[in-house]
Structures are given as C-alpha cells and as structure tokens.
Amino acid sequence: MELHTRDVRQDVRELGALLGDVLEDQSSTEAFETVEGLRTSAIAYRAGEVDSRQGLHDVFDRLDPGGASVVARAFTTYFELINLAEERERVRANREASQARTLEDGLEETVQGLIEADADAETVQGILDDVLIEPTFTAHPTEARRKTVKAKLRSIATDLEEIDERRLTDKEFEHVWNEVDAEVTSLWQTSQVRDRRPEPQDEARNVQYYIENILFDVVGEVYQEFEDVVHEEYPDIDVPKLFEFRSWAGSDRDGNPFVTPEVTADTLERQRAVVIEKYLDALKRLSGVLSQDGRRVDVGDALRESITADREHLPVVGKEVEARYPDEPYRQKLKLMRERLRRISDVRPNGYPDVEAFIEDLDVIHDSLCATGAEQVASTYVEPLRRQADTFGFTLASLDLRDHRQNHTEAVREVFAGAGVDYDGMSEDERVDLLTEAILQEEAIVDLDEPGDVTDTAARVLELFDRLGDWQREYGVGAIDTYCISMTEEPSHVLEVLFLADQAGVVSLPDHCGIDVVPLLETESALNGARRIMGTLFENEAYGQALSARKNVQEIMLGYSDSNKENGFLAANWDLYKNQRRLANITDDFDVTMRLFHGRGGSISRGGGPMNRAMLALPNETVTGQIKFTEQGEAIAEKYANPRIAERNLEQMLNAQVRARHIAIREPKEQVPDEWADAMETMATAAREEYRDLLESEGFVAYFEQATPITVIENLNLGSRPASRTGERTVEDLRAIPWVFSWTQSRCILPGWYALATGVDTFLEEGDVEMLQEMYEEWPFFRTTVDRATVSLAETDLEIAAEYADLADTDLRESFFPRLSDEYERAVGHALAICGRDTLLKREWLDESLSRRNPYVDPLNLLQTHLMAQTHRTPDEEQTLRLTVKGIAAGMKNTG
C-alpha cells in the first residue's frame, strides 16, 4: 500500500523551481539570474569545484540596495519553503513506520517494553498514576517569523499534504498547485520583517493558536490510541490524566514591564472563552451522533435523573428541549449542557461551577451508552471529549506567574517599612523568622488595595498579588496557580512570595495554599546552595504548612540558559545533573515529592534537542513521574504546527516518561561509578575555568559585539521583552537568548561546545579515551551531553565564522578567533573519538538536511557580513540586514 505520492527531493526541487518563477515574475530576469548565480557558486564551492568564495563577494560588492533586498528575500523564502518540505518528510517517515509497525518510541513500543520487563498490571497502574507531563509554552523572543508569514506557510503545508496523501487527477493536482503558486506569490509580496515589536497579547495569542487549533484535537487522539494499546495487554488498567498544558505568555513579568495585570486578565478571559466555545462546538457535533430513540433504548436512571435535575435549574430551557427532542434523551442532555457552558461567564445562574461538574455529565452519558451496548459510540465520540475537558479544563492552559526576586524583595521591604520594620537591615535568618511569623499570624500587615506611598516597582508587585486573588475566584485556582521566582538565591526569596500571597488571601494556612511557589535555581551559587535553600524551607513552619496544603509536592525550576551562559556548556550540564540528584536527595530526606521544571530553550546550549531523549537521560532519583519543561520560540512551531508531528511529539514524550518512571521504580538510585563522576568533575572544572577566562578576557565583549550581529538582533521586533535586563553591555546582563542567537547567526556556535576540548584534554592528562568511550556507551547523561555537543559542532562553520571575525578590529580578531578555532578543532577530534564515528552526526536525516541547507545559508551569511561592514546603511539596507537574520534563522532552523 503506497501511502504517499512524493518524496522530499521532489518537494524541494519543485518548490525551489516555483520560487524561481515567482522571483523572475515579481522582480526581473536579472534578479533571478543574480540569485541563481549566487546559489550555483555557493554549491560549487561546497562541492570543491571552485577554490574560494570570492565570486560571491564580488556579486555583493556590485549589488545595489534593491538587489541586496531581493537576494535576502529569495533565500529567506527558499528556507521557509524547504522547511515545509522537510516537515512533510517527517510526516511521511512516521506514517510509513506506523503502517509497518516499526515506529520507534511509539505507544505500542511503550507497552511492549512493559511486557518484556514483566511488569504486572499493578505496576503499570502505579506508573501511569505517577506520570504527568506538563509542556509549558513561553513567550521568549526566539520566533523570528511574523504571524502572517506563518499563516501562509501553514496554507502551503496543507496543500502539500493533499497532493502527497491523496490520489489526484491531473486537473485536481493542477488546481492545488495553483493554490501553492498563489500563496508563494503572496508570500513573496509580504513583508518578512515586523514593523512593530509584538505586544504581550500577541505572544499570548500565538501560544493560544497552537493549543486551540492543534493540541486540543490531538490530545484526544493520543489518549484513544494509548488506551487501545494498553487495554490489549492490560484490560483493567485505568488510564489517568497524563498531560497538562501551561503557559507563561501573558503572565511572565521577569524583565518585561509590558506584561501588566490587564494583560494577564485579558489572557485568562480570552482563553476561557476559546475553550468553552470548543466544548460548545463538540457538544453540537455530538448531538448529531447521539440521536437514539428513548422509546427503544433504556438510557438508565442516572441519565434520566441528570436531565431532571438540569430542567429544575434551567426550567425555560428544560421545556424547550422536551418539546424539541421529546424522545431523544441524549440530545436533551447535550442541549442542557450547552446552556450550562454558556452561563459560566454569564450573570445568569446555574452555569457549571467547575470543569469537574462538566466531566461528571460526560461520564453519565458515557456510562449510559455503554449500558445500552453502544461502547464503540462512547469510546469514539464521548471519551475524547472527556479527555479534552480533563486536560484543558475551563482555562485552555493554566498560567504561571514569574518575576525577578529583586522586585519581591523591594515590595516586601516597603511593606515592612510602612509597619516600622527595617527589613533591609536584617540578616537572612532574621528575614526568614519575620516572614514566617507574618505568614502565620491572622492579621494582615498591608492593605493591597491601598498600600500607601510605595515605589512603582512595589506598587506593580502588590497590584499583581491583589489581582491574583480576584483571578482565582473568577477563573478557578487551577487557572493561575504557580509563581516562579527568577534568580532565587535565598530561602527568604521564596517566603517573600508566600507572604505576599498570604496578604492577598490566596494563602490561608494551614488549610489552603492557592499557589505553588517555585524557586528558579539558575546560578552556580544557587544550585550549589540548594540544600541550604530548600532544607531551610522544608523545616520552616509556615512553608511546611503550605507544602502540606499542596499535597507535599515541591516544584523546582532549573535554569539551563543562564547556567550555560555563566559556566559554559560542559560545566553547566554537569552542574545541572549533579544538582538534580542533590535536589532529589533533599526532597527525599524531607519526604517531599519533587516536580522538576526544566527551563529548556530551543538551542542545544540552552537544553534543546529531542525532549524524549532528555527525559531518558535524567537521573533516576529525579524521575518521580511528574515533569514540566518550557517550550519556546521557533521550537513551538517545529513541534506543534503540524497535527501529525504534534501527535508524534506527545507520543514520544509519553513513551519516554513511562519508560523513565519504570526504570526509576526498579532502580531508584542511578548507579554511576565513582571514576565516571570524577572524570566529569575533572572535565567540568577545567572547562569552566577556560570558559570564564574567555569571557573575562580584556576585549572579549567588544569582539562579541563586532563579530556577531548582536546589535542587529537587539533591534529586531522579535518579542515584547527587552534583550537585556538593564541595558548595560556586559555578557552577564545580556539575556541568554540573544547571546546564543548572535553566535548561531555567525555560525560559531560556541555556547554549544566551547571548552569541551579543554575539559577532555585535562582528563586525558591522567585518564584514557577508553573510559570516555565506555561512559558514552553506558551512561545516558554523558551520551546525551556529547551528542548535543556534536550537533552544535556540526552546525558550526569556521570558514563562515571567519568572515564575521574579519569584521572585528585586527587586534581583537587575532586575540580571539584563533583561540575559538583551536578549541573547535580539538573538540571535533575528541567528540569523534568518544563516539567512535567518522561523522559528527549519527542521525542520517540531520546530516542530509545540513548538507542540503549549507550552500543556501552561505549567501545570506556573506550578505549579512557585507552589510555589517558598512559604516553607514540606508533604511532599505537596514531592513535587508534584519531580513538576513530571519533567513539565517530559517536556514539553521534555530535562533536561540
């Protein structure tokens, strides 16, 4: 059975040819020939057919601003289209493997693995009861594409799917291809660069799009398939809730003054309206299915009693449904349910009080259908809706609040100053004692409605907590029940948030705590001080009561981005691994269940890469079943824009988490030989020293500014949040995203490999490569770390990086570029030796993708350096320069 009519080469070839036609039609034959000449010259150099790239440089020297703009637009558009072709190939591969029952990391493999491990039903039920996977979408500014551009690309993707998966007549094919032609033409005529910086509401709507239009439907399908394969082998297993989606978009205040309480309130209201409309549509469709005649089918007492109760609460609607559906009880019930949904945000009474009541009604219908022998109807139509309700509730995605700990400290200082207490002058122990007493006492210390004369920072924080209580009363506690504290360094930073929540009435101990207070540990000092911080909290009377009210679950967030920027790739990964184990030991000592929140980015250096592999590489001690991780920037579109890829992504995550939890149950403490840990400690220590020495070398910041497009990136309208925390030009102040983005653009992706070679060299002074090879083969953490580094090494291109280095002052170039090059070359050698491979990439498709892309990225890189070298640029050239950033990001399939 042929599932597809095309392959990736045909898609790439035909989309490229179509773009060439559009380019010639919309610009000129001369422009087409210029672009074609650049393309063929770049390919020839990569193929070794010419000795240098001077021909490309000569073209750029001759180009006028208009010609440069056309070149940038052509290659950028090419990559947008080729990304769709590769996305389609991923779908093909998954469908064909599924049909052949050879799909790796799928749900069938999940269950088969449990069977092969002799897991009985009780064990499997325990594993599933533990598992909860929480992807958390952020508004971090790494998505370079406009919403308008993404919409056009999705339209083209839909057309590609149709011509690939359907048997079309020649006329039908021509009709669809004409649509592709028209959309590519429209895409060419559309601005790729945003005219304004997106607002937080734009970012919230972007996240909402993927959840509303993709994940809402996909989740039900994943559950249905998983239940089918589980019940084949374990028929009595009850598959519980396994997924929950959360968001920072519209609620993350850290460094973003534009995220106001009004923005958060708008996000909550809009998300509730969206998800209720989804349920209304689903119930209407269900009404078309459940047309059973009540005179022929006994629907049971439970359904009849439920309908009677609804009629009593909704008498007018009750009479209407009885008249409209006199002998169709399911339709009567569904109509009444729709009315209750409409009244959730209405002034009229008797709407659903919470999603649990809605789910109870769905359960009544489900059980009734099963009792009548219509199990297939129940499982096909009712069960997916029930899963959707259980997953998305009345909130669509629960919001996490986040802010920097300095802001909370400032607000608390001013609150206590108003009460005559010198909070500033207190030691850490004194602050902990004061906050504990304040939380436990019944009388409030501050009136959040009228806090008095406070600074803008304090007023902003206090208003947020005041509104938090209102939001929880309006939308339910689960709609916004997590508060993350950036740069947590002390126990008092956590207690400050608990105190402010207590003043807002969100916390009322010992019975109620409406938020999880989540410390974000991201600096070396915070990670190394984890036992002091968390141990102090767990022993604290007030915090202990709050934990008890939250079912003794402590969420702890680990910051991958800033840890990497502070310590370098190898040291950061080792610190994170060690401290995850340390946190697991601490929570175990205090009998607290830990939920790790992994603050991962899209790039390798910021924790990126396949999430399922990352799950399986976590220390066993940390795998409690619950896991939370950020999804951000272009990674969201890559994982969730296509429904089939989104489904595959969820299946892989579920497979990995079930496997990881099973392993952790069988082996609660990961057995890592001391000599392996010592080797990592040796390598990480040396790597950190080398990395810090690089960053602290005189002139390095100036080199970074001259040899990467950081100044261009800072002026891009990528996100609503500023690129740096204070506006100072230091590596420490710069946010991790533009830091990585800049190096990625210049093809010198040092955040993903720098100092790896120095670390390995130091170990090899006393050790041998055979031990590192053994570690790679047998230790998931080390294998995943090295594999991530090889991807960054493969994506690095020193010849292109040299073009950027040439932009720096001569003394700076000579100080730093040879140092970076030497470290890179040694890292490549070590990585190949450790992996036992001849090539850096072990995934053939990724190697093919890079080979296909590199000749087309090169002209964009050279055009970018050409424009950066100009001391004075026209507005059109500035626009073209920004467009090259978008094009390179699309070509590299990565920003930051």
# chains A, B, ... in the order shown; residues from 1 in each chain; ligands from 1
>>> residues_around(residues="Glu221 of chain A", least_positions_apart="3", cutoff="12 Å", atoms="only C-alpha atoms", output="list in words")
Leu107, Ile214, Leu215, Phe216, Asp217, Val218, Gln224, Glu225, Phe226, Glu227, Asp228, Ser379, Thr380, Tyr381, Glu383, Pro384, Leu385, Arg386, Arg387, Gln388, Pro643, Arg644, Ala646, Glu647, Arg648, Leu650 and Glu651 of chain A
>>> residues_around(residues="Gly67 of chain A", least_positions_apart="6", cutoff="12 Å", atoms="only C-alpha atoms", output="list in words")
Leu23, Ser27, Ser28, Thr29, Glu30, Ala31, Phe32, Glu33, Thr34, Val35, Val59, Phe60, Asp61, Arg73, Ala74, Leu863, Asp876, Glu877 and Thr880 of chain A
>>> residues_around(residues="Leu509 of chain A", least_positions_apart="5", cutoff="9 Å", atoms="only C-alpha atoms", output="NGL selection string")
:A and (439-440 or 502 or 542 or 545-546 or 549)
>>> write_last_selection(atoms="C-alpha atoms", output="short mmCIF file (atom, residue, chain, number, x, y, z; two decimals), in the first residue's frame")
data_model
loop_
_atom_site.label_atom_id
_atom_site.label_comp_id
_atom_site.auth_asym_id
_atom_site.auth_seq_id
_atom_site.Cartn_x
_atom_site.Cartn_y
_atom_site.Cartn_z
CA ILE A 439 2.54 34.48 57.30
CA LEU A 440 1.27 32.56 60.33
CA ASP A 502 -0.95 35.36 52.17
CA ALA A 542 4.84 28.29 57.53
CA GLN A 545 2.02 24.07 56.11
CA ALA A 546 1.90 25.47 52.59
CA ALA A 549 -1.83 22.09 51.57
#
>>> select_by_dssp(residues="segment 476-579 of chain A", states="strand (DSSP E)", output="PyMOL selection string")
chain A and resi 482-486+507-508+512-513+516-521+553-559
>>> residues_around(residues="Tyr475 of chain A", least_positions_apart="6", cutoff="9 Å", atoms="only C-alpha atoms", output="list of chain:residue names")
A:Leu268, A:Glu269, A:Arg272, A:Asp354, A:Phe394, A:Thr395
>>> atom_distance(atom1="atom CA of Arg101 of chain A", atom2="atom CA of Val239 of chain A")
22.8 Å
>>> residues_around(residues="Gly505 of chain A", least_positions_apart="4", cutoff="9 Å", atoms="only C-alpha atoms", output="PyMOL selection string")
chain A and resi 466+469+500-501+514
>>> closest_residue(among="A:Ile480, A:Leu527, A:Met683, A:Val259", to="Arg460 of chain A", atoms="only C-alpha atoms")
A:Val259
>>> residues_around(residues="Leu772 of chain A", least_positions_apart="3", cutoff="12 Å", atoms="only C-alpha atoms", output="PyMOL selection string")
chain A and resi 675-680+683+759-761+763-764+767-769+775-779+782-783+786+830-836
>>> write_last_selection(atoms="N, CA and C atoms", output="tab-separated table (two decimals), in the first residue's frame")
chain	number	residue	atom	x	y	z
A	675	GLU	N	34.52	6.61	39.32
A	675	GLU	CA	35.52	7.09	38.38
A	675	GLU	C	34.89	7.90	37.25
A	676	TRP	N	33.63	7.59	36.91
A	676	TRP	CA	32.94	8.38	35.90
A	676	TRP	C	32.63	9.78	36.44
A	677	ALA	N	32.11	9.81	37.67
A	677	ALA	CA	31.79	11.11	38.27
A	677	ALA	C	33.05	11.95	38.43
A	678	ASP	N	34.15	11.29	38.83
A	678	ASP	CA	35.42	12.02	38.98
A	678	ASP	C	35.90	12.56	37.64
A	679	ALA	N	35.71	11.77	36.59
A	679	ALA	CA	36.12	12.22	35.26
A	679	ALA	C	35.31	13.45	34.84
A	680	MET	N	34.01	13.40	35.09
A	680	MET	CA	33.17	14.54	34.76
A	680	MET	C	33.56	15.76	35.58
A	683	MET	N	36.74	17.22	34.06
A	683	MET	CA	36.49	17.90	32.79
A	683	MET	C	35.70	19.19	32.99
A	759	GLY	N	38.29	20.61	28.62
A	759	GLY	CA	37.89	19.66	29.65
A	759	GLY	C	38.40	18.26	29.36
A	760	VAL	N	38.23	17.80	28.12
A	760	VAL	CA	38.68	16.45	27.77
A	760	VAL	C	40.21	16.37	27.82
A	761	ASP	N	40.89	17.40	27.33
A	761	ASP	CA	42.35	17.42	27.39
A	761	ASP	C	42.84	17.24	28.82
A	763	PHE	N	41.32	15.86	31.36
A	763	PHE	CA	41.10	14.48	31.83
A	763	PHE	C	42.14	13.53	31.23
A	764	LEU	N	42.45	13.69	29.94
A	764	LEU	CA	43.37	12.76	29.27
A	764	LEU	C	44.81	12.89	29.75
A	767	GLY	N	43.84	10.31	32.46
A	767	GLY	CA	42.95	9.22	32.08
A	767	GLY	C	43.14	8.80	30.64
A	768	ASP	N	42.21	7.96	30.15
A	768	ASP	CA	42.32	7.48	28.78
A	768	ASP	C	40.98	7.59	28.08
A	769	VAL	N	41.03	7.63	26.76
A	769	VAL	CA	39.83	7.82	25.97
A	769	VAL	C	38.90	6.61	26.07
A	775	MET	N	31.87	5.48	29.05
A	775	MET	CA	30.86	6.39	29.61
A	775	MET	C	29.81	6.73	28.55
A	776	TYR	N	30.27	6.95	27.32
A	776	TYR	CA	29.35	7.30	26.24
A	776	TYR	C	28.40	6.14	25.95
A	777	GLU	N	28.89	4.93	25.98
A	777	GLU	CA	28.07	3.77	25.66
A	777	GLU	C	27.07	3.44	26.77
A	778	GLU	N	27.44	3.68	28.02
A	778	GLU	CA	26.66	3.13	29.14
A	778	GLU	C	25.98	4.17	30.03
A	779	TRP	N	26.30	5.44	29.86
A	779	TRP	CA	25.75	6.47	30.76
A	779	TRP	C	24.89	7.42	29.94
A	782	PHE	N	25.89	11.22	29.92
A	782	PHE	CA	27.10	11.59	29.17
A	782	PHE	C	26.87	11.46	27.68
A	783	ARG	N	26.18	10.40	27.28
A	783	ARG	CA	25.92	10.20	25.85
A	783	ARG	C	25.08	11.35	25.30
A	786	VAL	N	27.26	14.59	25.06
A	786	VAL	CA	28.18	14.57	23.93
A	786	VAL	C	27.42	14.69	22.61
A	830	HIS	N	37.98	15.16	19.61
A	830	HIS	CA	37.60	14.42	20.82
A	830	HIS	C	36.21	13.80	20.69
A	831	ALA	N	35.28	14.56	20.13
A	831	ALA	CA	33.90	14.06	20.01
A	831	ALA	C	33.85	12.82	19.13
A	832	LEU	N	34.56	12.85	18.01
A	832	LEU	CA	34.57	11.70	17.11
A	832	LEU	C	35.21	10.48	17.77
A	833	ALA	N	36.27	10.73	18.53
A	833	ALA	CA	36.94	9.62	19.21
A	833	ALA	C	36.04	9.01	20.28
A	834	ILE	N	35.36	9.86	21.03
A	834	ILE	CA	34.49	9.36	22.10
A	834	ILE	C	33.30	8.58	21.53
A	835	CYS	N	32.71	9.11	20.44
A	835	CYS	CA	31.52	8.47	19.85
A	835	CYS	C	31.89	7.26	18.99
A	836	GLY	N	33.14	7.19	18.56
A	836	GLY	CA	33.54	6.10	17.69
A	836	GLY	C	32.92	6.19	16.32
>>> select_by_dssp(residues="segment 339-556 of chain A", states="helix (DSSP H, G or I)", output="MDAnalysis selection string")
chainID A and resid 339:342 355:371 375:392 405:418 428:440 456:475 477:479 491:503 524:528 530:538 541:549
>>> atom_distance(atom1="atom CA of His4 of chain A", atom2="atom CA of Asp21 of chain A")
26.2 Å
>>> decode(residues="segment 256-282 of chain A", atoms="N, CA, C and O atoms", output="compact mmCIF listing (two decimals), in the first residue's frame")
# COMPACT_ATOMS: atom_id res chain seq x y z
N ASN A 256 10.02 42.17 31.88
CA ASN A 256 9.11 42.66 30.84
C ASN A 256 8.06 43.59 31.47
O ASN A 256 7.04 43.12 31.98
N PRO A 257 8.30 44.89 31.41
CA PRO A 257 7.35 45.84 32.03
C PRO A 257 6.02 45.92 31.30
O PRO A 257 5.07 46.50 31.82
N PHE A 258 5.95 45.31 30.11
CA PHE A 258 4.71 45.41 29.33
C PHE A 258 3.68 44.35 29.72
O PHE A 258 2.54 44.40 29.26
N VAL A 259 4.08 43.38 30.52
CA VAL A 259 3.12 42.38 31.00
C VAL A 259 2.47 42.92 32.27
O VAL A 259 3.00 42.80 33.37
N THR A 260 1.34 43.53 32.10
CA THR A 260 0.62 44.16 33.21
C THR A 260 -0.51 43.24 33.69
O THR A 260 -0.85 42.26 33.01
N PRO A 261 -1.12 43.55 34.84
CA PRO A 261 -2.29 42.76 35.26
C PRO A 261 -3.40 42.75 34.23
O PRO A 261 -4.11 41.75 34.09
N GLU A 262 -3.55 43.84 33.49
CA GLU A 262 -4.58 43.88 32.45
C GLU A 262 -4.29 42.85 31.35
O GLU A 262 -5.22 42.21 30.83
N VAL A 263 -3.02 42.68 31.02
CA VAL A 263 -2.64 41.69 30.01
C VAL A 263 -2.98 40.29 30.51
O VAL A 263 -3.53 39.46 29.77
N THR A 264 -2.65 40.00 31.75
CA THR A 264 -2.94 38.68 32.32
C THR A 264 -4.44 38.43 32.39
O THR A 264 -4.92 37.34 32.05
N ALA A 265 -5.19 39.43 32.83
CA ALA A 265 -6.64 39.29 32.91
C ALA A 265 -7.24 39.03 31.52
O ALA A 265 -8.13 38.18 31.36
N ASP A 266 -6.75 39.76 30.53
CA ASP A 266 -7.23 39.57 29.16
C ASP A 266 -6.92 38.16 28.67
O ASP A 266 -7.75 37.52 28.01
N THR A 267 -5.73 37.66 29.00
CA THR A 267 -5.34 36.30 28.57
C THR A 267 -6.23 35.25 29.21
O THR A 267 -6.69 34.31 28.55
N LEU A 268 -6.50 35.40 30.50
CA LEU A 268 -7.36 34.44 31.19
C LEU A 268 -8.77 34.43 30.60
O LEU A 268 -9.35 33.36 30.36
N GLU A 269 -9.31 35.61 30.37
CA GLU A 269 -10.67 35.71 29.84
C GLU A 269 -10.75 35.15 28.42
O GLU A 269 -11.68 34.40 28.09
N ARG A 270 -9.78 35.49 27.60
CA ARG A 270 -9.81 35.02 26.21
C ARG A 270 -9.65 33.50 26.14
O ARG A 270 -10.33 32.83 25.38
N GLN A 271 -8.75 32.95 26.94
CA GLN A 271 -8.55 31.50 26.92
C GLN A 271 -9.79 30.77 27.39
O GLN A 271 -10.15 29.72 26.83
N ARG A 272 -10.45 31.29 28.41
CA ARG A 272 -11.68 30.63 28.86
C ARG A 272 -12.74 30.68 27.78
O ARG A 272 -13.43 29.68 27.52
N ALA A 273 -12.89 31.83 27.13
CA ALA A 273 -13.89 31.95 26.07
C ALA A 273 -13.60 30.98 24.93
O ALA A 273 -14.52 30.35 24.38
N VAL A 274 -12.33 30.84 24.59
CA VAL A 274 -11.94 29.95 23.49
C VAL A 274 -12.26 28.51 23.82
O VAL A 274 -12.85 27.78 23.00
N VAL A 275 -11.89 28.07 25.01
CA VAL A 275 -12.08 26.65 25.33
C VAL A 275 -13.55 26.31 25.52
O VAL A 275 -14.01 25.22 25.13
N ILE A 276 -14.34 27.22 26.05
CA ILE A 276 -15.77 26.97 26.17
C ILE A 276 -16.42 26.86 24.80
O ILE A 276 -17.28 26.00 24.56
N GLU A 277 -15.98 27.70 23.88
CA GLU A 277 -16.50 27.61 22.51
C GLU A 277 -16.13 26.27 21.87
O GLU A 277 -16.94 25.71 21.12
N LYS A 278 -14.95 25.77 22.19
CA LYS A 278 -14.56 24.45 21.68
C LYS A 278 -15.49 23.37 22.21
O LYS A 278 -15.90 22.46 21.46
N TYR A 279 -15.84 23.45 23.49
CA TYR A 279 -16.75 22.45 24.07
C TYR A 279 -18.15 22.58 23.48
O TYR A 279 -18.82 21.57 23.22
N LEU A 280 -18.60 23.81 23.26
CA LEU A 280 -19.92 24.01 22.66
C LEU A 280 -19.98 23.38 21.27
O LEU A 280 -20.96 22.71 20.92
N ASP A 281 -18.94 23.59 20.49
CA ASP A 281 -18.89 23.00 19.16
C ASP A 281 -18.88 21.47 19.25
O ASP A 281 -19.56 20.79 18.46
N ALA A 282 -18.12 20.95 20.20
CA ALA A 282 -18.03 19.50 20.34
C ALA A 282 -19.37 18.90 20.74
O ALA A 282 -19.77 17.84 20.23
